[in-house]
Every structure is written in structure tokens, then in C-alpha cells.
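A.B. asks: My file is query_21.txt. It has compact mmCIF, C-alpha atoms:
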```txt
# COMPACT_ATOMS: atom_id res chain seq x y z
CA MET A 1 0.00 0.00 0.00
CA ARG A 2 2.82 2.32 0.94
CA THR A 3 4.43 1.63 -2.41
CA PHE A 4 1.16 2.53 -4.12
CA TYR A 5 0.98 5.97 -2.45
CA PHE A 6 4.61 6.52 -3.16
CA LEU A 7 4.01 5.81 -6.85
CA ILE A 8 1.06 8.24 -6.95
CA LEU A 9 3.16 10.97 -5.41
CA LEU A 10 6.00 10.16 -7.77
CA SER A 11 3.68 10.51 -10.76
CA LEU A 12 2.14 13.81 -9.56
CA PHE A 13 5.28 15.74 -8.72
CA PRO A 14 6.73 15.62 -12.24
CA ILE A 15 3.42 17.04 -13.54
CA LEU A 16 3.69 19.94 -11.14
CA LEU A 17 7.29 20.48 -12.05
CA LEU A 18 6.53 20.41 -15.76
CA SER A 19 3.62 22.84 -15.39
CA GLN A 20 5.94 25.29 -13.65
CA GLU A 21 8.65 24.82 -16.19
CA SER A 22 6.64 25.58 -19.33
CA GLU A 23 6.86 29.34 -20.00
CA LEU A 24 3.45 30.51 -21.19
CA PHE A 25 4.45 34.12 -21.59
CA THR A 26 7.43 33.92 -23.90
CA PRO A 27 7.33 36.67 -26.58
CA GLU A 28 6.95 34.05 -29.35
CA LYS A 29 3.95 32.43 -27.67
CA ARG A 30 2.34 35.76 -26.89
CA LYS A 31 2.86 36.86 -30.49
CA ALA A 32 1.25 33.64 -31.74
CA PHE A 33 -1.62 34.13 -29.32
CA ALA A 34 -2.04 37.79 -30.35
CA ASP A 35 -2.08 36.72 -34.02
CA TYR A 36 -4.75 34.16 -33.18
CA LEU A 37 -6.85 36.82 -31.41
CA PHE A 38 -6.39 39.14 -34.41
CA CYS A 39 -7.62 36.42 -36.79
CA GLU A 40 -10.57 35.80 -34.48
CA LYS A 41 -11.34 39.54 -34.75
CA ASP A 42 -10.84 40.00 -30.99
CA TYR A 43 -8.98 43.23 -31.69
CA LEU A 44 -9.17 44.62 -28.15
CA ARG A 45 -7.32 41.70 -26.61
CA ALA A 46 -5.03 41.34 -29.60
CA SER A 47 -3.95 44.97 -29.16
CA GLU A 48 -3.30 44.36 -25.46
CA GLU A 49 -1.11 41.37 -26.25
CA TYR A 50 0.79 43.19 -29.01
CA GLU A 51 1.32 46.16 -26.68
CA ALA A 52 2.62 43.89 -23.91
CA ILE A 53 5.26 42.42 -26.24
CA ASN A 54 6.00 45.79 -27.81
CA SER A 55 6.63 47.45 -24.46
CA ALA A 56 9.28 44.80 -23.66
CA ALA A 57 11.01 45.05 -27.06
CA LYS A 58 10.06 47.74 -29.57
CA ASN A 59 9.15 46.39 -32.96
CA ASP A 60 7.76 48.24 -35.99
CA SER A 61 5.55 45.43 -37.23
CA LEU A 62 4.03 45.06 -33.75
CA SER A 63 3.29 48.80 -33.69
CA TYR A 64 1.74 48.41 -37.13
CA TYR A 65 -0.55 45.63 -35.91
CA ILE A 66 -1.49 47.65 -32.83
CA GLY A 67 -2.48 50.47 -35.18
CA LEU A 68 -4.49 48.02 -37.30
CA CYS A 69 -6.31 46.75 -34.20
CA PHE A 70 -7.34 50.30 -33.28
CA LEU A 71 -8.34 50.96 -36.88
CA LYS A 72 -10.54 47.85 -36.86
CA MET A 73 -12.13 49.01 -33.60
CA ASN A 74 -12.80 52.45 -35.21
CA ASP A 75 -10.53 54.08 -32.62
CA TYR A 76 -9.04 56.33 -35.27
CA GLU A 77 -7.29 58.77 -32.91
CA ARG A 78 -5.06 56.07 -31.42
CA ALA A 79 -4.57 54.30 -34.75
CA LYS A 80 -3.45 57.57 -36.34
CA ASP A 81 -0.68 58.07 -33.77
CA HIS A 82 0.74 54.59 -34.37
CA PHE A 83 0.78 54.98 -38.16
CA PHE A 84 2.32 58.45 -37.95
CA LEU A 85 5.24 57.14 -35.88
CA LEU A 86 5.86 54.43 -38.48
CA ARG A 87 5.91 56.80 -41.48
CA ASN A 88 9.67 56.37 -42.01
CA SER A 89 9.96 52.69 -41.09
CA PHE A 90 10.14 49.74 -43.49
CA LEU A 91 6.32 49.76 -43.35
CA GLY A 92 6.36 53.44 -44.20
CA GLU A 93 4.24 53.35 -47.37
CA GLU A 94 1.44 51.33 -45.83
CA SER A 95 1.61 53.35 -42.62
CA ARG A 96 1.45 56.66 -44.49
CA LEU A 97 -1.61 55.50 -46.40
CA LEU A 98 -3.32 54.22 -43.25
CA PHE A 99 -2.44 57.47 -41.47
CA LEU A 100 -4.20 59.40 -44.21
CA LYS A 101 -7.13 57.00 -44.08
CA THR A 102 -7.57 57.49 -40.33
CA SER A 103 -7.34 61.26 -40.83
CA PHE A 104 -10.01 60.97 -43.50
CA MET A 105 -12.26 58.92 -41.21
CA LEU A 106 -11.81 61.56 -38.51
CA ASN A 107 -13.11 64.15 -41.00
CA LYS A 108 -9.77 65.94 -40.89
CA ASN A 109 -8.44 67.87 -43.86
CA ILE A 110 -6.35 65.50 -45.99
CA ASP A 111 -4.53 68.35 -47.79
CA VAL A 112 -3.05 69.55 -44.52
CA LYS A 113 -2.14 66.02 -43.51
CA THR A 114 -0.34 65.27 -46.76
CA ASP A 115 2.15 68.03 -45.87
CA SER A 116 3.22 66.14 -42.78
CA VAL A 117 3.93 62.86 -44.61
CA SER A 118 5.40 61.99 -47.98
CA ILE A 119 2.76 60.98 -50.52
CA GLN A 120 5.14 59.22 -52.92
CA PHE A 121 4.24 55.55 -53.32
CA VAL A 122 6.37 52.97 -55.12
CA ASN A 123 3.70 50.30 -54.84
CA LYS A 124 1.11 50.83 -57.61
CA ASP A 125 -1.77 49.47 -55.51
CA LEU A 126 -0.99 51.94 -52.76
CA GLU A 127 -0.73 54.74 -55.29
CA THR A 128 -4.23 53.90 -56.60
CA SER A 129 -5.57 53.65 -53.06
CA PHE A 130 -4.14 57.06 -52.25
CA ARG A 131 -5.74 58.62 -55.33
CA ARG A 132 -9.09 57.08 -54.33
CA LEU A 133 -8.66 58.46 -50.84
CA GLU A 134 -7.88 61.89 -52.23
CA LEU A 135 -10.96 61.82 -54.47
CA ALA A 136 -13.17 60.67 -51.60
CA ALA A 137 -11.85 63.55 -49.49
CA GLN A 138 -12.68 65.95 -52.33
CA ILE A 139 -16.21 64.54 -52.60
CA LYS A 140 -16.69 64.91 -48.85
CA ALA A 141 -15.39 68.48 -48.95
CA GLY A 142 -18.17 69.31 -51.40
CA MET A 143 -16.16 69.61 -54.62
CA SER A 144 -18.42 69.70 -57.68
CA GLN A 145 -18.52 66.85 -60.19
CA THR A 146 -16.71 68.85 -62.89
CA ASN A 147 -13.52 68.79 -60.83
CA LEU A 148 -13.60 65.05 -60.36
CA PHE A 149 -12.03 64.14 -63.73
CA SER A 150 -10.24 60.99 -62.64
CA LEU A 151 -13.22 59.45 -60.90
CA SER A 152 -13.80 56.92 -63.65
CA ASN A 153 -10.05 56.10 -63.93
CA ASP A 154 -9.58 55.16 -60.30
CA PHE A 155 -12.92 53.66 -59.39
CA GLU A 156 -14.85 50.78 -60.88
CA GLU A 157 -17.50 51.66 -63.43
CA SER A 158 -20.39 50.43 -61.24
CA ASP A 159 -19.31 52.70 -58.37
CA THR A 160 -18.67 55.83 -60.40
CA GLN A 161 -22.36 56.70 -60.70
CA ILE A 162 -22.98 56.25 -56.97
CA LEU A 163 -19.96 58.38 -56.13
CA LYS A 164 -21.14 61.06 -58.55
CA SER A 165 -24.51 61.19 -56.81
CA PHE A 166 -22.70 61.49 -53.46
CA ALA A 167 -20.60 64.31 -54.93
CA GLU A 168 -23.78 66.05 -56.10
CA ASN A 169 -25.36 65.72 -52.65
CA PHE A 170 -22.23 67.03 -50.90
CA SER A 171 -21.75 69.97 -53.26
CA HIS A 172 -25.43 70.93 -53.42
CA PRO A 173 -26.97 69.77 -50.13
CA GLN A 174 -30.73 70.15 -49.78
CA ARG A 175 -30.68 72.66 -46.96
CA LYS A 176 -33.53 74.50 -45.30
CA SER A 177 -33.07 78.19 -44.61
CA PRO A 178 -33.44 79.01 -40.88
CA LEU A 179 -34.47 82.59 -41.68
CA ALA A 180 -37.15 81.40 -44.14
CA ALA A 181 -38.46 78.96 -41.49
CA ALA A 182 -38.65 81.77 -38.91
CA LEU A 183 -40.40 84.03 -41.44
CA PHE A 184 -42.95 81.34 -42.36
CA SER A 185 -43.76 80.83 -38.69
CA ALA A 186 -44.07 84.58 -38.19
CA ILE A 187 -46.72 84.72 -40.95
CA ILE A 188 -48.57 81.50 -40.11
CA PRO A 189 -47.70 79.91 -36.73
CA GLY A 190 -46.29 76.42 -37.28
CA ALA A 191 -45.60 76.89 -41.02
CA GLY A 192 -41.82 77.04 -40.40
CA LYS A 193 -41.91 73.70 -38.60
CA ILE A 194 -43.89 72.14 -41.44
CA TYR A 195 -41.27 73.59 -43.86
CA THR A 196 -38.58 71.69 -41.92
CA LYS A 197 -40.72 68.54 -42.06
CA ASN A 198 -41.66 68.58 -38.37
CA TYR A 199 -45.32 68.17 -39.25
CA GLY A 200 -46.57 67.20 -35.79
CA ASP A 201 -44.87 70.18 -34.11
CA GLY A 202 -46.12 72.54 -36.83
CA ILE A 203 -49.76 71.51 -36.49
CA THR A 204 -49.52 71.66 -32.67
CA SER A 205 -48.04 75.18 -32.80
CA PHE A 206 -50.84 76.32 -35.11
CA ILE A 207 -53.56 74.89 -32.86
CA VAL A 208 -52.04 76.17 -29.57
CA THR A 209 -51.28 79.70 -30.81
CA GLY A 210 -54.60 79.92 -32.67
CA LEU A 211 -56.57 78.74 -29.64
CA PHE A 212 -55.04 81.28 -27.26
CA ALA A 213 -55.40 84.07 -29.86
CA PHE A 214 -59.10 83.21 -30.25
CA LEU A 215 -59.59 83.15 -26.44
CA ALA A 216 -57.89 86.57 -26.14
CA TYR A 217 -60.05 87.99 -28.93
CA ASP A 218 -63.23 86.50 -27.49
CA ASN A 219 -62.56 87.86 -23.98
CA PHE A 220 -61.74 91.33 -25.27
CA GLN A 221 -64.99 91.24 -27.26
CA ALA A 222 -66.88 90.32 -24.09
CA ASN A 223 -65.14 93.13 -22.18
CA HIS A 224 -63.25 90.67 -19.92
CA ASN A 225 -60.09 92.67 -20.28
CA THR A 226 -58.02 90.95 -17.57
CA ARG A 227 -58.61 87.50 -19.01
CA GLY A 228 -58.10 89.00 -22.47
CA TRP A 229 -54.64 90.26 -21.55
CA ILE A 230 -53.71 86.94 -19.92
CA PHE A 231 -54.60 85.05 -23.09
CA ALA A 232 -52.90 87.69 -25.25
CA GLY A 233 -49.73 87.20 -23.19
CA LEU A 234 -49.92 83.43 -23.63
CA THR A 235 -50.46 83.90 -27.38
CA ALA A 236 -47.36 86.09 -27.59
CA PHE A 237 -45.39 83.53 -25.52
CA PHE A 238 -46.23 80.59 -27.79
CA TYR A 239 -46.01 82.66 -31.00
CA SER A 240 -42.50 83.96 -30.28
CA GLY A 241 -41.39 80.53 -29.04
CA ASN A 242 -42.59 79.03 -32.29
CA VAL A 243 -40.70 81.57 -34.43
CA TYR A 244 -37.53 80.83 -32.43
CA GLY A 245 -38.16 77.07 -32.56
CA SER A 246 -38.65 77.13 -36.34
CA TYR A 247 -35.28 78.84 -36.83
CA ILE A 248 -33.57 76.20 -34.67
CA SER A 249 -35.57 73.41 -36.30
CA ALA A 250 -34.19 74.37 -39.74
CA ARG A 251 -30.66 74.52 -38.33
CA ASN A 252 -31.07 71.08 -36.72
CA TYR A 253 -32.57 69.70 -39.94
CA ASN A 254 -29.47 70.80 -41.89
CA LEU A 255 -27.10 69.35 -39.30
CA GLU A 256 -28.93 66.02 -39.22
CA ARG A 257 -28.94 65.74 -43.02
CA GLU A 258 -25.24 66.56 -43.20
CA GLU A 259 -24.45 63.97 -40.54
CA LYS A 260 -26.61 61.36 -42.23
CA LEU A 261 -24.96 61.94 -45.61
CA LYS A 262 -21.47 61.68 -44.11
CA ASN A 263 -22.41 58.46 -42.32
CA GLU A 264 -23.88 56.98 -45.51
CA PHE A 265 -20.74 57.91 -47.46
CA ASP A 266 -18.40 56.49 -44.81
CA SER A 267 -20.30 53.22 -44.55
CA TYR A 268 -20.43 52.92 -48.34
CA LEU A 269 -16.67 53.37 -48.58
CA ASN A 270 -16.04 51.02 -45.67
CA SER A 271 -18.22 48.35 -47.24
CA LYS A 272 -16.16 48.63 -50.43
CA ASN A 273 -12.86 48.52 -48.51
CA TYR A 274 -11.43 51.22 -50.73
CA PHE A 275 -8.16 53.06 -50.04
CA VAL A 276 -6.44 50.05 -48.55
CA PRO A 277 -5.71 46.87 -50.48
CA LYS A 278 -6.86 43.87 -48.46
CA GLU A 279 -3.44 42.27 -48.05
CA ILE A 280 -2.04 45.18 -46.04
CA GLU A 281 -5.02 45.37 -43.71
CA GLY A 282 -4.03 41.98 -42.42
CA SER A 283 -7.08 40.13 -43.67
CA TYR A 284 -4.83 37.65 -45.51
CA LYS A 285 -3.73 36.21 -42.17
CA MET B 1 -1.84 11.90 7.15
CA LYS B 2 -1.44 10.32 3.77
CA ILE B 3 -4.80 11.65 2.66
CA LEU B 4 -3.81 15.13 3.80
CA TRP B 5 -0.69 14.82 1.71
CA LEU B 6 -2.75 13.83 -1.30
CA ILE B 7 -5.19 16.74 -0.78
CA LEU B 8 -2.26 19.13 -0.50
CA VAL B 9 -0.70 17.89 -3.71
CA PHE B 10 -4.01 17.98 -5.61
CA SER B 11 -4.78 21.49 -4.37
CA PHE B 12 -1.41 22.65 -5.71
CA SER B 13 -2.13 21.17 -9.10
CA LEU B 14 -5.56 22.81 -9.15
CA PHE B 15 -4.14 26.24 -8.29
CA ALA B 16 -1.54 25.84 -10.99
CA GLN B 17 -4.35 25.77 -13.55
CA THR B 18 -6.17 28.93 -12.44
CA ASP B 19 -4.24 31.13 -14.84
CA TRP B 20 -7.09 30.84 -17.36
CA GLN B 21 -9.21 33.13 -15.18
CA ARG B 22 -7.36 36.10 -16.61
CA TRP B 23 -9.05 35.38 -19.93
CA GLN B 24 -12.53 34.89 -18.68
CA LYS B 25 -15.32 36.68 -20.47
CA SER B 26 -15.60 40.30 -19.40
CA GLU B 27 -18.87 42.15 -19.15
CA ILE B 28 -18.90 44.88 -21.76
CA SER B 29 -21.73 47.36 -21.99
CA TYR B 30 -22.27 49.03 -25.35
CA SER B 31 -25.10 51.27 -24.15
CA GLU B 32 -24.50 54.98 -24.36
CA LYS B 33 -23.58 56.63 -21.09
CA ILE B 34 -25.86 59.57 -20.39
CA ASP B 35 -25.78 61.87 -17.40
CA ASP B 36 -29.16 61.48 -15.81
CA PRO B 37 -29.02 63.44 -12.57
CA GLU B 38 -31.96 63.42 -10.22
CA ARG B 39 -33.68 66.70 -9.40
CA SER B 40 -31.69 68.95 -7.11
CA TYR B 41 -33.90 70.67 -4.55
CA SER B 42 -31.04 72.84 -3.39
CA LEU B 43 -31.65 76.60 -3.63
CA ARG B 44 -27.96 77.39 -4.00
CA ALA B 45 -27.54 80.00 -6.76
CA ASP B 46 -24.87 82.29 -8.19
CA ASP B 47 -27.04 85.40 -8.35
CA PRO B 48 -30.37 86.65 -6.90
CA PHE B 49 -32.20 86.17 -10.20
CA GLU B 50 -31.18 82.52 -10.40
CA PHE B 51 -32.24 82.15 -6.76
CA LEU B 52 -35.73 83.45 -7.65
CA LEU B 53 -36.02 81.08 -10.61
CA LYS B 54 -34.86 78.13 -8.54
CA THR B 55 -37.27 78.98 -5.75
CA ALA B 56 -40.14 79.06 -8.24
CA ALA B 57 -39.04 75.76 -9.81
CA VAL B 58 -38.52 73.98 -6.48
CA THR B 59 -41.91 75.24 -5.23
CA TYR B 60 -43.51 73.92 -8.42
CA TRP B 61 -41.74 70.56 -8.05
CA PHE B 62 -42.61 70.19 -4.37
CA PHE B 63 -46.27 71.24 -4.46
CA ILE B 64 -47.36 70.28 -7.99
CA SER B 65 -44.99 68.14 -10.04
CA ASP B 66 -44.09 65.55 -7.40
CA VAL B 67 -47.71 65.23 -6.31
CA ASP B 68 -48.98 65.02 -9.88
CA GLY B 69 -46.57 62.23 -10.82
CA ASP B 70 -43.80 61.54 -13.28
CA ASN B 71 -45.51 62.68 -16.49
CA CYS B 72 -43.07 64.63 -18.67
CA PRO B 73 -41.90 62.46 -21.59
CA PHE B 74 -38.69 64.48 -22.03
CA ASP B 75 -35.31 64.39 -20.36
CA PRO B 76 -34.71 66.94 -18.85
CA SER B 77 -38.30 67.65 -17.84
CA CYS B 78 -39.83 70.97 -18.98
CA SER B 79 -39.17 72.77 -15.68
CA SER B 80 -35.56 71.55 -15.55
CA PHE B 81 -35.20 72.48 -19.24
CA PHE B 82 -36.26 76.05 -18.43
CA LEU B 83 -33.69 76.35 -15.62
CA GLU B 84 -30.92 74.83 -17.75
CA SER B 85 -31.73 76.91 -20.84
CA VAL B 86 -31.70 80.17 -18.85
CA LYS B 87 -28.36 79.13 -17.37
CA ALA B 88 -26.95 78.20 -20.80
CA SER B 89 -28.10 81.44 -22.46
CA ASN B 90 -30.07 84.33 -20.93
CA ILE B 91 -33.58 84.98 -19.66
CA ILE B 92 -35.02 86.05 -23.05
CA GLU B 93 -33.52 83.22 -25.10
CA GLY B 94 -34.20 80.75 -22.28
CA THR B 95 -37.87 81.76 -22.20
CA LEU B 96 -38.15 81.39 -25.99
CA MET B 97 -36.55 77.95 -25.80
CA PHE B 98 -38.96 77.00 -23.03
CA ALA B 99 -41.98 78.24 -25.05
CA ASP B 100 -40.83 76.10 -27.99
CA ARG B 101 -40.29 73.09 -25.74
CA PHE B 102 -43.70 73.56 -24.12
CA THR B 103 -45.34 73.52 -27.57
CA ARG B 104 -43.40 70.38 -28.50
CA ASP B 105 -44.60 68.82 -25.26
CA PHE B 106 -48.20 69.40 -26.42
CA ASN B 107 -47.48 67.51 -29.64
CA VAL B 108 -49.62 64.38 -29.70
CA PHE B 109 -49.05 63.54 -33.37
CA ASN B 110 -45.50 62.21 -33.61
CA ARG B 111 -42.25 62.53 -31.68
CA SER B 112 -40.00 60.29 -33.68
CA ASP B 113 -36.91 62.51 -33.97
CA TYR B 114 -35.64 62.14 -30.41
CA ARG B 115 -33.08 59.73 -29.03
CA VAL B 116 -34.50 57.59 -26.24
CA THR B 117 -32.59 57.51 -22.95
CA PRO B 118 -32.14 54.29 -20.94
CA LYS B 119 -35.00 55.43 -18.68
CA GLY B 120 -37.32 55.56 -21.70
CA ARG B 121 -37.47 59.34 -21.96
CA LEU B 122 -36.88 61.47 -25.03
CA ALA B 123 -33.46 63.12 -24.84
CA ASP B 124 -33.87 66.83 -25.49
CA PRO B 125 -31.04 68.89 -23.95
CA PRO B 126 -31.18 72.72 -24.17
CA GLU B 127 -27.76 72.83 -25.92
CA LYS B 128 -29.52 71.57 -29.04
CA TYR B 129 -31.56 74.77 -29.24
CA LEU B 130 -28.96 77.51 -28.83
CA ILE B 131 -28.53 79.94 -31.73
CA PRO B 132 -25.01 79.54 -33.21
CA ILE B 133 -24.62 83.28 -33.98
CA VAL B 134 -25.25 84.22 -30.33
CA HIS B 135 -23.29 81.27 -28.94
CA PRO B 136 -20.15 80.77 -31.10
CA LYS B 137 -19.24 77.51 -29.37
CA VAL B 138 -22.39 75.87 -30.73
CA LYS B 139 -21.89 74.11 -34.07
```
Would you encode the structure as C-alpha cells?
C.D. replies:
Amino acid sequence: MRTFYFLILLSLFPILLLSQESELFTPEKRKAFADYLFCEKDYLRASEEYEAINSAAKNDSLSYYIGLCFLKMNDYERAKDHFFLLRNSFLGEESRLLFLKTSFMLNKNIDVKTDSVSIQFVNKDLETSFRRLELAAQIKAGMSQTNLFSLSNDFEESDTQILKSFAENFSHPQRKSPLAAALFSAIIPGAGKIYTKNYGDGITSFIVTGLFAFLAYDNFQANHNTRGWIFAGLTAFFYSGNVYGSYISARNYNLEREEKLKNEFDSYLNSKNYFVPKEIEGSYK
Amino acid sequence: MKILWLILVFSFSLFAQTDWQRWQKSEISYSEKIDDPERSYSLRADDPFEFLLKTAAVTYWFFISDVDGDNCPFDPSCSSFFLESVKASNIIEGTLMFADRFTRDFNVFNRSDYRVTPKGRLADPPEKYLIPIVHPKVK
């Protein structure tokens, strides 16, 4: 029996020793694990792993992958910093392009950004991607279609028409004039809100202001002057509030449309994966 | 004694495996974080005019609003909106903003353009209604 226990102990101790001996956190293993997380699209944890290895020993390709992780997570501010630091490394071309892409996604001015990095590309794919990026930035900045000569050269035929319609919408947005909205509401209460397509608010304003105006008129007619003045005051309160609200409503309408158009454009471009050839975004892994 | 030895050895081997806990699933919330402060009944104010406004609002809350129930569909509620809009702009602009909000509160037709807060109210902060020319910081 004693021999039996001795044998059990003998078989368990080597297991414990082996489990202590195997180094789980060697840089190679962590890199392999980070690559696995990246492939599994767990970019948050992949970036943490890459950063842990990178803090021990600086490495350009690790920094590049950290930047890619942030880019994939739409954390453009942090991605931009990583790509900017790599602009002169052996991954310089790709990093410069991705730096410009992140700047574009952050709605920053690409023209200013191109001054801070070289825009010469040896790789033809990157060159094309950069031209597409430049054209997209021009479309977003509201440049008219006539200036977009090379649209059909750099983009596929099927996308050219869609991009042209985006260019038209950016250069000639369907805006509502805040002053016109305020004026409409000053003439007919609620008309400015209906002009900005807030139909419910417009009708409500008309009914509320009209009702109090009628009550004021009716009380003055019946010689109830105190009540008449109270209702006249309420009419003035809702009338002026409606004129003010119509002005703001038109302003908010314009802002919402602009935001919506930008979002549609960004998601269209993202769905097409333009600007960056797939192999450098790491999707080949 | 021998059993104790065995338990000791097994417990060691179990602890040696607990490293996986570092990678356990974390609870991530994707919901938008919104400041949703409760009503402040404090009468502390920076100037006498604000004190008067706050007194009126707190009186209304205490004697009418709280008794009447939680009815306003907006966040902040109309009375809080008035206080905040006067603080963000001035008494004239704040009153105009309040008049507009009050009319929108009457709207029974459709209120589809508002973001809904986690508490189920319609988010409608006064900053959305400031005139950009008067307040340059507003977009």
C-alpha cells in the first residue's frame, strides 16, 4: 500500500514540475496568441497582447498591428498616432496611407495632412488607393462633379455613378433656410416647422397659438379685459417661441442631413474597402 | 496523514491551472452613457435672479410636479429644461426655448426625432436649441 501511495506521489510531482517549467508568456507564444486573437477579430485583446510584447522590445511590425487593431475598432485617434510614428519605417508606405485613411475617417483635412507625410508611393496598388482616398476627401469636402475628372479612372464603373450622386449631394446639399423657417412661422404659426418637415410640431403650434389668440379675442370682445390680456400674453409667448423654434428646427434639420450623408458615405466606402488593399489590412492572415 | 498529503498535492495542481481566469469573459456594456441626474432641490444659486427662478421651480416641483406624478416624456423635464436653458443662455432666449419646448410637449401627433434615454425618456437637452450666432461655441 505504501508503495502505491509513493508511486502516486512520484507521478504527480513531475506534472507539477513540468507545469511550472513551461513558460506561457514567452514573446513568441504571446505573439502567436495575439495573431490568433487578431484572426478571431478579438482586436481589443489582440492589441493588449501586441502592446505587452511591444513594451518589452520595440518592434515596428508590432506597432503596425497595434495600429491596425485600433483601426478595426474604429478608434481612429489612437490608430493615427501609431501609423504616424511608423511613417519612415520599413512599413512606411502602408503606414502613411493608413495614417491618411484614419485622418479621413476623422473628418480631418487630408490636404493639410499630406504636408506632414510623404505621398510618394512605389507600390502601384498603394498609389491607386491614395488617389481614391484623395478623391473621396474631395467629394466629402463638397467639390463639384466637374472637378472630379479621374473618378472613372480610379474607381470601378459600377461605383462611379454612386460616387457622382454622393458628390452632387455634398456639393449641393438640400438645406432649409433658418431665416425662411422663422419668417414662415411669423406669418402662419407652425408653417416654419412644417417647412422643416416637423409636421406634428407645426400643427400643434398652429392649434395652440390659434386657440389662445381666439380666447384673447373672445374675452376682449366680451369686455373681460383681464382674461383677455392673460390670453394675449400666452399667445405672444407661444407665437415667439414658435418663431424661435422654427429657426432652430431648420438649423437642426441641416445638421442632421449633413451627418446622415457623411455616415452613408463612410459606410459605403467602408463596405467597399477602398483606399487600402486587403493584403495590407491583415485580412490575408 | 497520507490523505492530507494527497489533498495538499491535488490542491497545488488545481491552483496551478487557475491562470485561465485572466481570460474569462468580461462584461462589456455598449449602451451609451448619459448623465441622468436626479432633481436637485437645493436653492444654492450664483445670483439673486437665479435664486428666484430656482425657488419658483422647487416650489412647483414640491407642491405640484411631485404630487402630480412623473408625467413629462422628455429628459430633462420641462421645468428643468427652463432652468438649464436660462443658465446656458439668458432669460429672453431661455424663455423662448422653453416656449418652444412647451409647444413640443403638447405635440400628440409624432415625436419620432428624439433619441430615447435608458430610462425611456426622449433626450432633449437645451444645448440643441442655442442659436449659433449668439453662442459661437455651438456648431
A.B. asks: Chain B residues within 7 Å of chain A, counting all atoms listed in the file: which ones, as a list in words?
C.D. replies: Ser13, Leu96, Met97, Ala99, Asp100, Thr103, Arg104, Phe106, Asn107, Phe109, Asn110, Tyr129 and Ile131 of chain B
A.B. asks: If I take CA of Asn225 (chain A) and CA of Gly210 (chain A), how far is one from the other in Å, to one decimal?
C.D. replies: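 Going from CA of Asn225 (chain A) over to CA of Gly210 (chain A), I get 18.6 Å.
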A.B. asks: What is the CA of Gly92 (chain A) to CA of Thr128 (chain A) distance in Å?
C.D. replies: 16.3 Å
A.B. asks: Excluding same-chain residues fewer than 4 positions from Trp61 (chain B), what lies within 12 Å of it counting all atoms listed in the file, as JSON, numbers by chain?
C.D. replies: {"B": [39, 40, 41, 42, 54, 55, 56, 57, 65, 66, 67, 68, 69, 70, 77, 78, 79, 80]}
A.B. asks: Rank nothing, just name the residue among B:Ile64, B:Leu53, B:Leu43, B:Val108 nearest to Ser85 (chain B), using only C-alpha atoms.
C.D. replies: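 For Ser85 (chain B), the nearest of the candidates is B:Leu53.
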A.B. asks: Just to confirm, what's the straight-line distance from CA of Leu98 (chain A) to CA of Glu77 (chain A) in Å (one decimal)?
C.D. replies: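 So the two atoms, CA of Leu98 (chain A) and CA of Glu77 (chain A), lie 12.0 Å apart.
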A.B. asks: Return the padded bounding box of region 197-210 of chain A as lines of an AutoDock Vina configuration file: axis-aligned, built from all atoms listed in the file, 6 Å added on each side, with centre and edge lengths in Å to one decimal.
C.D. replies:
```
center_x = -47.7
center_y = 73.6
center_z = -35.8
size_x = 25.9
size_y = 24.7
size_z = 24.5
```
A.B. asks: Report as a list in words all protein, DNA and RNA residues lying within 10 Å of region 121-125 of chain B, evaluated on only C-alpha atoms, omitting residues in the same chain fewer than 5 positions from it.
C.D. replies: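 After dropping sequence-adjacent residues, the list is Ile34, Cys72, Pro73, Phe74, Asp75, Pro76, Ser77, Cys78, Ser80, Phe81, Glu84, Ser85, Arg101, Arg111, Ser112, Asp113, Tyr114, Arg115 and Val116 of chain B.
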A.B. asks: Using only C-alpha atoms, can you tell me which of B:Lys87, B:Phe63, B:Tyr30, B:Trp5 comes closest to Ala45 (chain B)?
C.D. replies: B:Lys87
A.B. asks: Given the choices A:Lys58, A:Arg132, A:Lys197, A:Lys31, which gets closest to Glu156 (chain A) if the distance is worked out from only C-alpha atoms?
C.D. replies: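 Going through A:Lys58, A:Arg132, A:Lys197, A:Lys31 one by one, the smallest distance to Glu156 (chain A) is for A:Arg132.
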